[in-house]
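File shown: coords_22.tsv (TSV, C-alpha atoms).
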chain	number	residue	atom	x	y	z
A	1	MET	CA	50.62	-9.92	30.86
A	2	THR	CA	53.88	-11.06	32.39
A	3	GLY	CA	55.72	-11.02	29.04
A	4	GLY	CA	55.07	-7.35	28.37
A	5	ALA	CA	54.88	-5.64	24.99
A	6	ALA	CA	57.36	-8.11	23.51
A	7	ALA	CA	54.95	-10.99	24.13
A	8	GLY	CA	52.75	-9.92	21.22
A	9	ASP	CA	48.97	-10.02	20.73
A	10	THR	CA	46.99	-9.97	23.98
A	11	GLY	CA	43.64	-10.73	22.37
A	12	VAL	CA	42.25	-7.53	23.92
A	13	VAL	CA	41.31	-4.58	21.72
A	14	HIS	CA	44.08	-1.98	21.95
A	15	GLY	CA	45.85	-4.27	24.41
A	16	ASP	CA	49.17	-3.37	22.84
A	17	LEU	CA	48.63	0.32	23.64
A	18	LEU	CA	47.66	-0.43	27.21
A	19	ILE	CA	50.66	-2.68	27.79
A	20	GLU	CA	52.97	0.01	26.40
A	21	PHE	CA	51.30	2.56	28.66
A	22	ALA	CA	51.64	0.35	31.75
A	23	GLU	CA	55.33	-0.17	31.14
A	24	ALA	CA	55.93	3.50	30.39
A	25	VAL	CA	54.05	4.89	33.37
A	26	LEU	CA	56.10	2.72	35.75
A	27	GLY	CA	59.33	3.39	33.88
A	28	ASP	CA	61.52	6.46	33.84
A	29	ASP	CA	61.55	7.23	30.10
A	30	ASP	CA	59.38	10.32	29.79
A	31	ASN	CA	59.50	10.29	25.99
A	32	LYS	CA	58.22	6.71	25.89
A	33	LEU	CA	55.41	7.67	28.26
A	34	ALA	CA	54.49	10.68	26.14
A	35	ARG	CA	54.24	8.45	23.05
A	36	ALA	CA	52.15	5.87	24.91
A	37	ARG	CA	49.87	8.59	26.27
A	38	THR	CA	49.37	10.15	22.85
A	39	ALA	CA	48.64	6.78	21.27
A	40	ILE	CA	45.85	6.05	23.75
A	41	ALA	CA	44.37	9.54	23.50
A	42	GLU	CA	44.35	9.47	19.70
A	43	ARG	CA	43.17	5.89	19.15
A	44	MET	CA	40.97	5.26	22.19
A	45	GLY	CA	40.00	8.81	23.20
A	46	PRO	CA	40.83	11.18	26.06
A	47	ALA	CA	38.36	9.55	28.47
A	48	ALA	CA	40.11	6.23	27.90
A	49	LEU	CA	43.42	7.88	28.76
A	50	VAL	CA	41.96	9.14	32.05
A	51	ASP	CA	40.65	5.69	32.94
A	52	ALA	CA	43.88	3.99	31.89
A	53	ALA	CA	45.90	6.38	34.07
A	54	ALA	CA	43.47	5.82	36.94
A	55	VAL	CA	43.71	2.03	36.73
A	56	ALA	CA	47.50	2.12	36.40
A	57	GLY	CA	47.78	4.41	39.40
A	58	LEU	CA	45.42	2.37	41.50
A	59	PHE	CA	47.13	-0.94	40.88
A	60	ASN	CA	50.54	0.58	41.41
A	61	ALA	CA	49.25	1.45	44.87
A	62	ILE	CA	47.11	-1.53	45.81
A	63	ASP	CA	49.98	-3.88	44.96
A	64	ARG	CA	51.89	-2.13	47.73
A	65	VAL	CA	49.02	-2.48	50.18
A	66	ALA	CA	48.86	-6.22	49.53
A	67	ASP	CA	52.61	-6.76	49.70
A	68	ALA	CA	53.32	-4.50	52.68
A	69	THR	CA	50.57	-5.99	54.83
A	70	GLY	CA	51.29	-9.60	53.89
A	71	THR	CA	47.74	-10.03	52.66
A	72	PRO	CA	47.16	-13.51	51.24
A	73	LEU	CA	45.03	-14.29	48.23
A	74	GLU	CA	41.70	-15.86	49.19
A	75	ASP	CA	41.88	-19.67	49.07
A	76	TRP	CA	39.14	-19.91	46.45
A	77	LYS	CA	40.91	-17.38	44.22
A	78	ALA	CA	44.19	-19.21	44.65
A	79	GLU	CA	42.56	-22.50	43.63
A	80	GLN	CA	40.72	-21.03	40.64
A	81	SER	CA	43.79	-19.20	39.34
A	82	GLU	CA	46.31	-22.01	39.84
A	83	ASP	CA	46.68	-22.98	36.17
A	84	LEU	CA	46.77	-19.36	35.03
A	85	ARG	CA	49.40	-18.45	37.63
A	86	ASP	CA	51.50	-21.36	36.51
A	87	GLU	CA	51.15	-20.48	32.84
A	88	LEU	CA	52.08	-16.85	33.46
A	89	ARG	CA	54.88	-17.83	35.88
A	90	ILE	CA	53.30	-15.70	38.60
A	91	ASN	CA	54.12	-18.46	41.09
A	92	ASP	CA	57.78	-17.56	40.54
A	93	PHE	CA	57.35	-14.07	42.00
A	94	ALA	CA	59.29	-13.51	45.22
A	95	ASN	CA	56.16	-12.86	47.27
A	96	ALA	CA	54.17	-15.81	45.92
A	97	ALA	CA	54.43	-17.84	49.12
A	98	THR	CA	53.08	-14.94	51.18
A	99	ALA	CA	50.30	-14.04	48.78
A	100	LEU	CA	49.17	-17.61	48.20
A	101	GLY	CA	49.11	-18.54	51.85
A	102	PRO	CA	50.47	-21.84	53.13
A	103	ARG	CA	47.70	-24.10	51.80
A	104	ALA	CA	47.72	-22.77	48.25
A	105	ALA	CA	51.51	-22.64	48.15
A	106	GLN	CA	51.65	-26.30	49.22
A	107	ALA	CA	49.10	-27.23	46.56
A	108	THR	CA	51.14	-25.48	43.91
A	109	GLY	CA	54.28	-27.25	45.11
A	110	ARG	CA	52.55	-30.65	44.98
A	111	ARG	CA	51.21	-29.93	41.51
A	112	ARG	CA	54.64	-28.96	40.24
A	113	ALA	CA	56.25	-32.03	41.74
A	114	ALA	CA	53.64	-34.23	40.08
A	115	THR	CA	54.18	-32.49	36.74
A	116	GLN	CA	57.92	-32.91	36.91
A	117	SER	CA	57.86	-36.59	38.00
B	1	MET	CA	41.46	18.83	43.77
B	2	GLN	CA	38.63	19.57	41.37
B	3	THR	CA	40.32	22.92	40.90
B	4	MET	CA	43.71	21.27	40.39
B	5	TYR	CA	42.30	19.07	37.65
B	6	ALA	CA	40.84	22.15	36.03
B	7	GLU	CA	44.31	22.48	34.51
B	8	ALA	CA	44.44	18.84	33.38
B	9	PRO	CA	45.25	18.22	29.71
B	10	VAL	CA	42.10	16.06	29.44
B	11	ALA	CA	38.78	16.18	31.30
B	12	VAL	CA	38.87	14.16	34.52
B	13	ARG	CA	35.65	12.45	35.65
B	14	PRO	CA	34.05	14.53	38.47
B	15	ASP	CA	33.74	11.50	40.77
B	16	LEU	CA	37.43	10.79	40.36
B	17	ALA	CA	38.40	14.41	40.98
B	18	VAL	CA	36.23	14.50	44.11
B	19	ALA	CA	37.71	11.26	45.45
B	20	HIS	CA	41.24	12.62	44.99
B	21	GLN	CA	40.35	15.92	46.57
B	22	ARG	CA	38.95	14.18	49.65
B	23	ALA	CA	41.99	11.94	49.94
B	24	TRP	CA	44.36	14.91	49.61
B	25	GLU	CA	42.52	16.92	52.23
B	26	ARG	CA	42.62	13.94	54.62
B	27	LEU	CA	46.36	13.71	54.05
B	28	GLY	CA	46.82	17.14	55.59
B	29	ASN	CA	44.71	16.38	58.66
B	30	PRO	CA	45.57	14.40	61.81
B	31	GLY	CA	45.14	10.69	61.24
B	32	THR	CA	44.60	7.81	63.63
B	33	TRP	CA	48.19	7.38	64.88
B	34	LEU	CA	50.08	10.13	63.03
B	35	ASP	CA	49.60	13.86	63.37
B	36	ALA	CA	49.28	15.88	60.20
B	37	ARG	CA	52.93	16.94	60.17
B	38	LYS	CA	54.06	13.32	60.21
B	39	ARG	CA	51.52	12.36	57.55
B	40	ILE	CA	52.85	15.04	55.24
B	41	ALA	CA	56.41	13.96	56.00
B	42	VAL	CA	55.53	10.37	55.05
B	43	ALA	CA	53.98	11.63	51.81
B	44	ALA	CA	57.06	13.72	51.00
B	45	GLU	CA	59.37	10.77	51.74
B	46	THR	CA	57.21	8.60	49.45
B	47	ARG	CA	57.89	11.02	46.62
B	48	ASP	CA	61.61	11.16	47.34
B	49	ALA	CA	62.16	7.40	47.67
B	50	PRO	CA	62.72	6.71	43.94
B	51	GLY	CA	65.81	8.94	44.08
B	52	CYS	CA	67.44	7.03	46.97
B	53	ALA	CA	70.80	5.49	46.02
B	54	LEU	CA	70.53	2.74	48.64
B	55	CYS	CA	67.10	1.72	47.32
B	56	ARG	CA	68.48	1.59	43.77
B	57	ARG	CA	71.31	-0.69	44.86
B	58	ARG	CA	68.90	-2.94	46.72
B	59	LYS	CA	66.47	-3.04	43.79
B	60	ALA	CA	69.29	-4.18	41.52
B	61	ALA	CA	70.56	-6.82	43.96
B	62	LEU	CA	69.57	-10.47	43.95
B	63	SER	CA	69.58	-10.38	47.76
B	64	PRO	CA	68.26	-6.94	48.70
B	65	TYR	CA	68.41	-7.62	52.43
B	66	ALA	CA	72.18	-8.17	52.21
B	67	ILE	CA	72.77	-4.56	51.16
B	68	ASP	CA	73.40	-2.25	54.11
B	69	GLY	CA	73.58	1.51	54.04
B	70	ARG	CA	71.73	4.68	54.86
B	71	HIS	CA	68.77	5.98	52.90
B	72	ASP	CA	68.86	9.33	51.18
B	73	SER	CA	66.07	10.98	53.14
B	74	ARG	CA	64.69	14.38	53.98
B	75	GLY	CA	65.64	13.91	57.62
B	76	ASP	CA	62.14	14.62	58.89
B	77	LEU	CA	61.41	11.05	60.05
B	78	PRO	CA	63.23	8.38	62.06
B	79	GLU	CA	65.44	6.04	60.04
B	80	ASN	CA	63.17	3.02	60.64
B	81	TRP	CA	60.19	4.94	59.25
B	82	VAL	CA	62.26	5.90	56.20
B	83	GLU	CA	63.25	2.24	55.78
B	84	ALA	CA	59.56	1.25	55.82
B	85	ILE	CA	58.51	3.93	53.36
B	86	HIS	CA	61.40	3.45	50.94
B	87	ARG	CA	61.12	-0.36	50.76
B	88	VAL	CA	57.37	-0.23	50.19
B	89	VAL	CA	57.89	2.32	47.42
B	90	SER	CA	60.95	0.88	45.74
B	91	ASP	CA	60.78	-2.91	46.08
B	92	PRO	CA	57.31	-3.98	47.27
B	93	GLY	CA	57.45	-7.40	45.63
B	94	ARG	CA	60.32	-8.53	47.88
B	95	LEU	CA	59.05	-7.43	51.28
B	96	THR	CA	59.15	-10.20	53.86
B	97	ARG	CA	57.47	-10.95	57.14
B	98	THR	CA	60.90	-10.97	58.77
B	99	TRP	CA	61.47	-7.43	57.53
B	100	TYR	CA	58.06	-6.34	58.84
B	101	GLU	CA	58.72	-7.89	62.24
B	102	ALA	CA	62.12	-6.19	62.44
B	103	LEU	CA	60.40	-2.86	61.87
B	104	ARG	CA	58.00	-3.65	64.69
B	105	THR	CA	60.89	-4.57	66.97
B	106	SER	CA	62.60	-1.29	66.04
B	107	GLY	CA	59.69	0.61	67.54
B	108	ILE	CA	57.08	1.14	64.83
B	109	ALA	CA	53.67	0.23	66.25
B	110	ASP	CA	51.40	-1.86	64.04
B	111	GLY	CA	48.84	0.95	63.76
B	112	GLU	CA	51.55	3.42	62.78
B	113	TYR	CA	52.85	0.99	60.16
B	114	VAL	CA	49.41	0.48	58.61
B	115	GLU	CA	48.87	4.23	58.48
B	116	ILE	CA	52.28	4.69	56.84
B	117	VAL	CA	51.46	2.03	54.23
B	118	SER	CA	48.12	3.70	53.57
B	119	ILE	CA	49.71	7.10	53.03
B	120	VAL	CA	52.26	5.59	50.66
B	121	ALA	CA	49.40	3.93	48.78
B	122	HIS	CA	47.28	7.07	48.54
B	123	VAL	CA	50.20	9.15	47.28
B	124	THR	CA	51.29	6.43	44.86
B	125	ALA	CA	47.79	6.09	43.39
B	126	ILE	CA	47.30	9.80	42.90
B	127	ASP	CA	50.84	10.61	41.76
B	128	THR	CA	50.92	7.73	39.26
B	129	PHE	CA	47.60	8.96	37.88
B	130	ALA	CA	49.09	12.42	37.42
B	131	ARG	CA	52.17	10.99	35.73
B	132	GLY	CA	49.94	8.96	33.42
B	133	LEU	CA	48.19	12.11	32.28
B	134	GLY	CA	51.41	14.13	32.02
B	135	MET	CA	50.50	16.47	34.85
B	136	ALA	CA	52.72	17.99	37.50
B	137	LEU	CA	52.34	16.35	40.91
B	138	ALA	CA	49.92	18.08	43.25
B	139	PRO	CA	51.58	20.16	45.96
B	140	LEU	CA	51.30	18.44	49.32
B	141	PRO	CA	48.63	19.98	51.55
B	142	ALA	CA	49.48	22.12	54.55
B	143	ALA	CA	49.49	20.27	57.86
B	144	GLN	CA	46.46	21.05	60.04
B	145	ASP	CA	46.61	21.20	63.82
B	146	GLY	CA	45.09	18.49	65.97
B	147	ALA	CA	45.81	15.19	67.67
B	148	PRO	CA	45.51	11.70	66.18
B	149	SER	CA	42.35	9.84	67.20
B	150	ARG	CA	44.29	6.75	68.37
B	151	TYR	CA	41.26	4.60	67.58
B	152	ARG	CA	41.99	0.88	67.49
B	153	PRO	CA	39.03	-1.35	66.63
B	154	ALA	CA	38.54	-3.96	69.34
B	155	GLN	CA	37.78	-6.58	66.69
B	156	ALA	CA	41.16	-6.32	64.95
B	157	ARG	CA	43.26	-9.42	65.52
B	158	GLN	CA	46.18	-11.30	64.07
B	159	SER	CA	45.00	-13.57	61.27
B	160	ASP	CA	46.49	-14.58	57.91
B	161	ALA	CA	48.10	-11.22	57.11
B	162	TRP	CA	51.25	-9.82	58.75
B	163	VAL	CA	49.28	-6.98	60.31
B	164	PRO	CA	46.20	-7.38	62.52
B	165	THR	CA	42.95	-7.01	60.57
B	166	ILE	CA	39.23	-7.25	61.15
B	167	ALA	CA	37.72	-10.48	59.84
B	168	TRP	CA	34.79	-10.02	57.47
B	169	ASP	CA	32.21	-11.41	59.91
B	170	GLU	CA	33.75	-10.03	63.11
B	171	HIS	CA	33.45	-6.26	62.67
B	172	GLY	CA	31.80	-4.04	65.25
B	173	PRO	CA	29.13	-1.40	64.67
B	174	ASN	CA	31.66	1.35	63.92
B	175	GLU	CA	32.89	-0.52	60.86
B	176	ALA	CA	29.60	-2.11	59.72
B	177	SER	CA	29.20	0.19	56.73
B	178	TYR	CA	32.65	-0.80	55.44
B	179	PHE	CA	32.15	-4.57	55.47
B	180	VAL	CA	29.54	-4.90	52.75
B	181	GLY	CA	29.53	-7.10	49.69
B	182	LEU	CA	31.62	-10.18	49.07
B	183	PRO	CA	34.43	-10.92	51.53
B	184	SER	CA	37.76	-9.65	50.27
B	185	ASN	CA	41.15	-10.03	51.88
B	186	ILE	CA	42.53	-6.89	50.26
B	187	ARG	CA	39.67	-4.83	51.69
B	188	ARG	CA	40.66	-6.18	55.12
B	189	ALA	CA	44.32	-5.21	54.72
B	190	LEU	CA	44.14	-1.71	56.25
B	191	THR	CA	41.28	-2.31	58.70
B	192	LEU	CA	43.48	-2.01	61.77
B	193	VAL	CA	43.13	1.70	60.92
B	194	PRO	CA	39.55	1.88	59.66
B	195	ASP	CA	39.66	5.50	58.51
B	196	GLU	CA	42.58	4.65	56.23
B	197	ALA	CA	40.78	1.60	54.85
B	198	ARG	CA	37.66	3.66	54.10
B	199	SER	CA	39.65	6.43	52.45
B	200	PHE	CA	41.80	4.15	50.32
B	201	PHE	CA	38.88	2.06	49.09
B	202	ALA	CA	36.98	5.22	48.17
B	203	VAL	CA	39.95	5.95	45.90
B	204	VAL	CA	39.82	2.34	44.63
B	205	GLU	CA	36.18	2.74	43.61
B	206	ALA	CA	36.93	5.95	41.72
B	207	GLN	CA	40.12	4.86	40.00
B	208	TYR	CA	39.06	1.25	39.32
B	209	LEU	CA	35.45	0.20	39.82
B	210	PRO	CA	32.89	-0.04	42.64
B	211	GLY	CA	32.56	-3.60	43.96
B	212	PRO	CA	29.36	-4.63	42.14
B	213	ALA	CA	30.64	-3.21	38.84
B	214	MET	CA	33.80	-5.33	38.99
B	215	ARG	CA	31.81	-8.49	38.28
B	216	ASP	CA	29.01	-7.00	36.19
B	217	PHE	CA	30.11	-7.89	32.69
B	218	SER	CA	26.71	-7.00	31.18
B	219	LYS	CA	27.75	-3.38	30.78
B	220	GLU	CA	30.85	-1.20	30.77
B	221	TYR	CA	31.25	1.49	33.43
B	222	ARG	CA	34.37	3.17	32.13
B	223	ALA	CA	35.80	4.39	28.84
B	224	ILE	CA	37.89	1.22	28.79
B	225	THR	CA	36.32	-2.23	29.00
B	226	HIS	CA	36.54	-4.76	31.81
B	227	ALA	CA	39.00	-6.75	29.69
B	228	GLN	CA	41.15	-3.68	29.03
B	229	ILE	CA	41.07	-2.74	32.70
B	230	GLU	CA	42.15	-6.20	33.81
B	231	LEU	CA	44.90	-6.42	31.19
B	232	LEU	CA	46.32	-3.08	32.28
B	233	ALA	CA	45.97	-3.93	35.97
B	234	GLY	CA	47.59	-7.31	35.42
B	235	ARG	CA	50.56	-5.80	33.61
B	236	ILE	CA	51.09	-3.21	36.35
B	237	SER	CA	50.97	-5.94	39.00
B	238	ALA	CA	53.33	-8.18	37.03
B	239	ILE	CA	55.88	-5.37	36.73
B	240	ASN	CA	55.55	-4.88	40.48
B	241	GLN	CA	55.96	-8.66	40.94
B	242	CYS	CA	52.73	-8.71	42.94
B	243	THR	CA	51.07	-12.11	43.19
B	244	TYR	CA	47.90	-10.81	44.83

Could you quickly redo this structure as structure tokens?
Amino acid sequence: MTGGAAAGDTGVVHGDLLIEFAEAVLGDDDNKLARARTAIAERMGPAALVDAAAVAGLFNAIDRVADATGTPLEDWKAEQSEDLRDELRINDFANAATALGPRAAQATGRRRAATQS
Amino acid sequence: MQTMYAEAPVAVRPDLAVAHQRAWERLGNPGTWLDARKRIAVAAETRDAPGCALCRRRKAALSPYAIDGRHDSRGDLPENWVEAIHRVVSDPGRLTRTWYEALRTSGIADGEYVEIVSIVAHVTAIDTFARGLGMALAPLPAAQDGAPSRYRPAQARQSDAWVPTIAWDEHGPNEASYFVGLPSNIRRALTLVPDEARSFFAVVEAQYLPGPAMRDFSKEYRAITHAQIELLAGRISAINQCTY
């Protein structure tokens, strides 16, 4: 997820196509996007292309809502996703402290310190 | 926008087309704090932001707040509004509370800011969808006459977010129909301007999933599975460096 297309098998059917599409739709290489679009339409169907474009568009927007309003992740979500965030290095993102809120950010810091000691 | 999608290279779900049409029509009408002319100007600036040289330099910099300069803008909006729009578009993962508070000090009211963010989000969602399908961007709607409602919910207060929001169990009767289902911080994000929150989350339901369907893994609601949706969403958010 954070490693992109180069990270290899996602374990999700057609995950490689969707990762390529995500990277292309946010990039500026129109030829790459056209190839990614065609691959989804041909191998997953035109309705899948519509839904993939819809999801990509929505998350490209809702990320901005979260970041621009300083909306923190719910405490319970932060706790449940702690290992996953660490594994995917999401805690290294610039806005992690804002999104995690002070309590979750402190918990992550304590966990890292314990791991490194 | 049903008619606009009539030209789409693939068939667009009717519910999705209707949601986009409603959002686009709202864009051209007076909002809560912005009149229609300003709303359209914010939308136009959203589309122009990726071409701004200052934003490109900041995006490439390790310390984006150390790069001074003037945005390439259309000249229809004050410079602090352009700064807000361009940063949210071009480098959302590195916005800071200090930056937000500086915008407030510069004269942008919190309600105006939330409405600006909402317009950026609506345009980004719909334009990215169009790019994904290989369609031309929809022409911006014509600005309709009228005054903003200037409605501020009495229950909105400063909480964990930078902007005031309505807590899940503190809403008044005007917003009761919005606060249904499981509590969600992201659904609270735009509630200082309830009409924007309602409009954006109508788009969310159409482009992603309605709330109950998000956690119903017993069936699939779209042409891509829950797992495929979450993988794609996760990759988009990772590219945007969004922790939420």

Fill in: One-decimal distance in Å that lies between atom CA of Tyr244 of chain B and atom CA of Ala78 of chain A
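Atom CA of Tyr244 of chain B lies 9.2 Å from atom CA of Ala78 of chain A.
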
For chain B against chain A, with a cut-off of 6 Å and counting all atoms listed in the file, what is the closest atom pair and its distance in Å to one decimal for every residue that makes the cut, ordered by chain and number, as JSON lines?
{"residue": "B:Pro92", "atom": "CA", "partner": "A:Arg64", "partner_atom": "CA", "distance": 5.7}
{"residue": "B:Gly93", "atom": "CA", "partner": "A:Asn95", "partner_atom": "CA", "distance": 5.8}
{"residue": "B:Arg94", "atom": "CA", "partner": "A:Ala94", "partner_atom": "CA", "distance": 5.7}
{"residue": "B:Ala121", "atom": "CA", "partner": "A:Ala61", "partner_atom": "CA", "distance": 4.6}
{"residue": "B:Thr124", "atom": "CA", "partner": "A:Ala61", "partner_atom": "CA", "distance": 5.4}
{"residue": "B:Ala125", "atom": "CA", "partner": "A:Gly57", "partner_atom": "CA", "distance": 4.3}
{"residue": "B:Thr128", "atom": "CA", "partner": "A:Gly57", "partner_atom": "CA", "distance": 4.6}
{"residue": "B:Phe129", "atom": "CA", "partner": "A:Gly57", "partner_atom": "CA", "distance": 4.8}
{"residue": "B:Gly132", "atom": "CA", "partner": "A:Ala53", "partner_atom": "CA", "distance": 4.8}
{"residue": "B:Ala161", "atom": "CA", "partner": "A:Thr71", "partner_atom": "CA", "distance": 4.6}
{"residue": "B:Trp162", "atom": "CA", "partner": "A:Gly70", "partner_atom": "CA", "distance": 4.9}
{"residue": "B:Val163", "atom": "CA", "partner": "A:Thr69", "partner_atom": "CA", "distance": 5.7}
{"residue": "B:Gln207", "atom": "CA", "partner": "A:Ala54", "partner_atom": "CA", "distance": 4.6}
{"residue": "B:Tyr208", "atom": "CA", "partner": "A:Val55", "partner_atom": "CA", "distance": 5.4}
{"residue": "B:Ala223", "atom": "CA", "partner": "A:Ala48", "partner_atom": "CA", "distance": 4.8}
{"residue": "B:Ile224", "atom": "CA", "partner": "A:Ala48", "partner_atom": "CA", "distance": 5.6}
{"residue": "B:Leu232", "atom": "CA", "partner": "A:Leu18", "partner_atom": "CA", "distance": 5.9}
{"residue": "B:Ala233", "atom": "CA", "partner": "A:Phe59", "partner_atom": "CA", "distance": 5.9}
{"residue": "B:Arg235", "atom": "CA", "partner": "A:Met1", "partner_atom": "CA", "distance": 5.0}
{"residue": "B:Ile236", "atom": "CA", "partner": "A:Ala22", "partner_atom": "CA", "distance": 5.8}
{"residue": "B:Ala238", "atom": "CA", "partner": "A:Thr2", "partner_atom": "CA", "distance": 5.5}
{"residue": "B:Gln241", "atom": "CA", "partner": "A:Phe93", "partner_atom": "CA", "distance": 5.7}
{"residue": "B:Cys242", "atom": "CA", "partner": "A:Asp63", "partner_atom": "CA", "distance": 5.9}
{"residue": "B:Thr243", "atom": "CA", "partner": "A:Ala96", "partner_atom": "CA", "distance": 5.5}
{"residue": "B:Tyr244", "atom": "CA", "partner": "A:Ala99", "partner_atom": "CA", "distance": 5.6}

Item to complete: Figure out the distance between atom CA of Ser199 of chain B and atom CA of Ile239 of chain B, please, to one decimal in Å.
Response: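 Computed distance, atom CA of Ile239 of chain B to atom CA of Ser199 of chain B, equals 25.5 Å.
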
Worksheet entry | Interatomic distance, atom CA of Gly75 of chain B to atom CA of Arg26 of chain B (Å, one decimal) |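 So the two atoms, atom CA of Gly75 of chain B and atom CA of Arg26 of chain B, lie 23.2 Å apart.
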
Worksheet item: Pick from B:Glu196, B:Ala109, B:Leu182, B:Ala206: nearest to Val12 of chain B, with all atoms listed in the file counted?
Response: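 Among the listed residues, the smallest separation from Val12 of chain B belongs to B:Ala206.
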
Fill in: Counting all atoms listed in the file, the residue of B:Glu45, B:Trp168, B:Asn80, B:Ile119 that sits nearest Glu101 of chain B
B:Asn80

Discussion item. Given all atoms listed in the file as the basis, pick out the residue of B:Met135, B:Ala130, B:Val180, B:Ala197 nearest to Thr165 of chain B.
Written reply: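 Result for the nearest residue to Thr165 of chain B: B:Ala197.
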
Worksheet item: Of the candidates B:Val18, B:Ala102, B:Ala36, B:Leu231, which one gets nearest to Ser149 of chain B if we count only C-alpha atoms?
Response: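 Distance minimum relative to Ser149 of chain B lands on B:Ala36.
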
Since the input lacks atoms, please generate N, CA and C atoms for segment 37-50 of chain A and provide them as an mmCIF file, in the frame of the given file.
data_model
loop_
_atom_site.group_PDB
_atom_site.id
_atom_site.type_symbol
_atom_site.label_atom_id
_atom_site.label_comp_id
_atom_site.auth_asym_id
_atom_site.auth_seq_id
_atom_site.Cartn_x
_atom_site.Cartn_y
_atom_site.Cartn_z
ATOM 1 N N ARG A 37 51.015 7.756 25.893
ATOM 2 C CA ARG A 37 49.870 8.590 26.270
ATOM 3 C C ARG A 37 49.146 9.111 25.013
ATOM 4 N N THR A 38 49.943 9.610 24.081
ATOM 5 C CA THR A 38 49.370 10.150 22.850
ATOM 6 C C THR A 38 48.659 9.066 22.056
ATOM 7 N N ALA A 39 49.248 7.883 22.025
ATOM 8 C CA ALA A 39 48.640 6.780 21.270
ATOM 9 C C ALA A 39 47.268 6.430 21.827
ATOM 10 N N ILE A 40 47.146 6.371 23.145
ATOM 11 C CA ILE A 40 45.850 6.050 23.750
ATOM 12 C C ILE A 40 44.850 7.181 23.495
ATOM 13 N N ALA A 41 45.283 8.410 23.686
ATOM 14 C CA ALA A 41 44.370 9.540 23.500
ATOM 15 C C ALA A 41 43.858 9.602 22.068
ATOM 16 N N GLU A 42 44.747 9.350 21.101
ATOM 17 C CA GLU A 42 44.350 9.470 19.700
ATOM 18 C C GLU A 42 43.526 8.286 19.226
ATOM 19 N N ARG A 43 43.845 7.088 19.692
ATOM 20 C CA ARG A 43 43.170 5.890 19.150
ATOM 21 C C ARG A 43 42.023 5.405 20.027
ATOM 22 N N MET A 44 42.042 5.734 21.293
ATOM 23 C CA MET A 44 40.970 5.260 22.190
ATOM 24 C C MET A 44 40.158 6.428 22.761
ATOM 25 N N GLY A 45 40.706 7.621 22.715
ATOM 26 C CA GLY A 45 40.000 8.810 23.200
ATOM 27 C C GLY A 45 40.523 9.299 24.532
ATOM 28 N N PRO A 46 40.305 10.588 24.817
ATOM 29 C CA PRO A 46 40.830 11.180 26.060
ATOM 30 C C PRO A 46 40.229 10.565 27.318
ATOM 31 N N ALA A 47 38.964 10.168 27.268
ATOM 32 C CA ALA A 47 38.360 9.550 28.470
ATOM 33 C C ALA A 47 39.026 8.211 28.762
ATOM 34 N N ALA A 48 39.409 7.507 27.713
ATOM 35 C CA ALA A 48 40.110 6.230 27.900
ATOM 36 C C ALA A 48 41.478 6.463 28.534
ATOM 37 N N LEU A 49 42.124 7.562 28.154
ATOM 38 C CA LEU A 49 43.420 7.880 28.760
ATOM 39 C C LEU A 49 43.252 8.143 30.257
ATOM 40 N N VAL A 50 42.217 8.879 30.618
ATOM 41 C CA VAL A 50 41.960 9.140 32.050
ATOM 42 C C VAL A 50 41.757 7.830 32.800
#
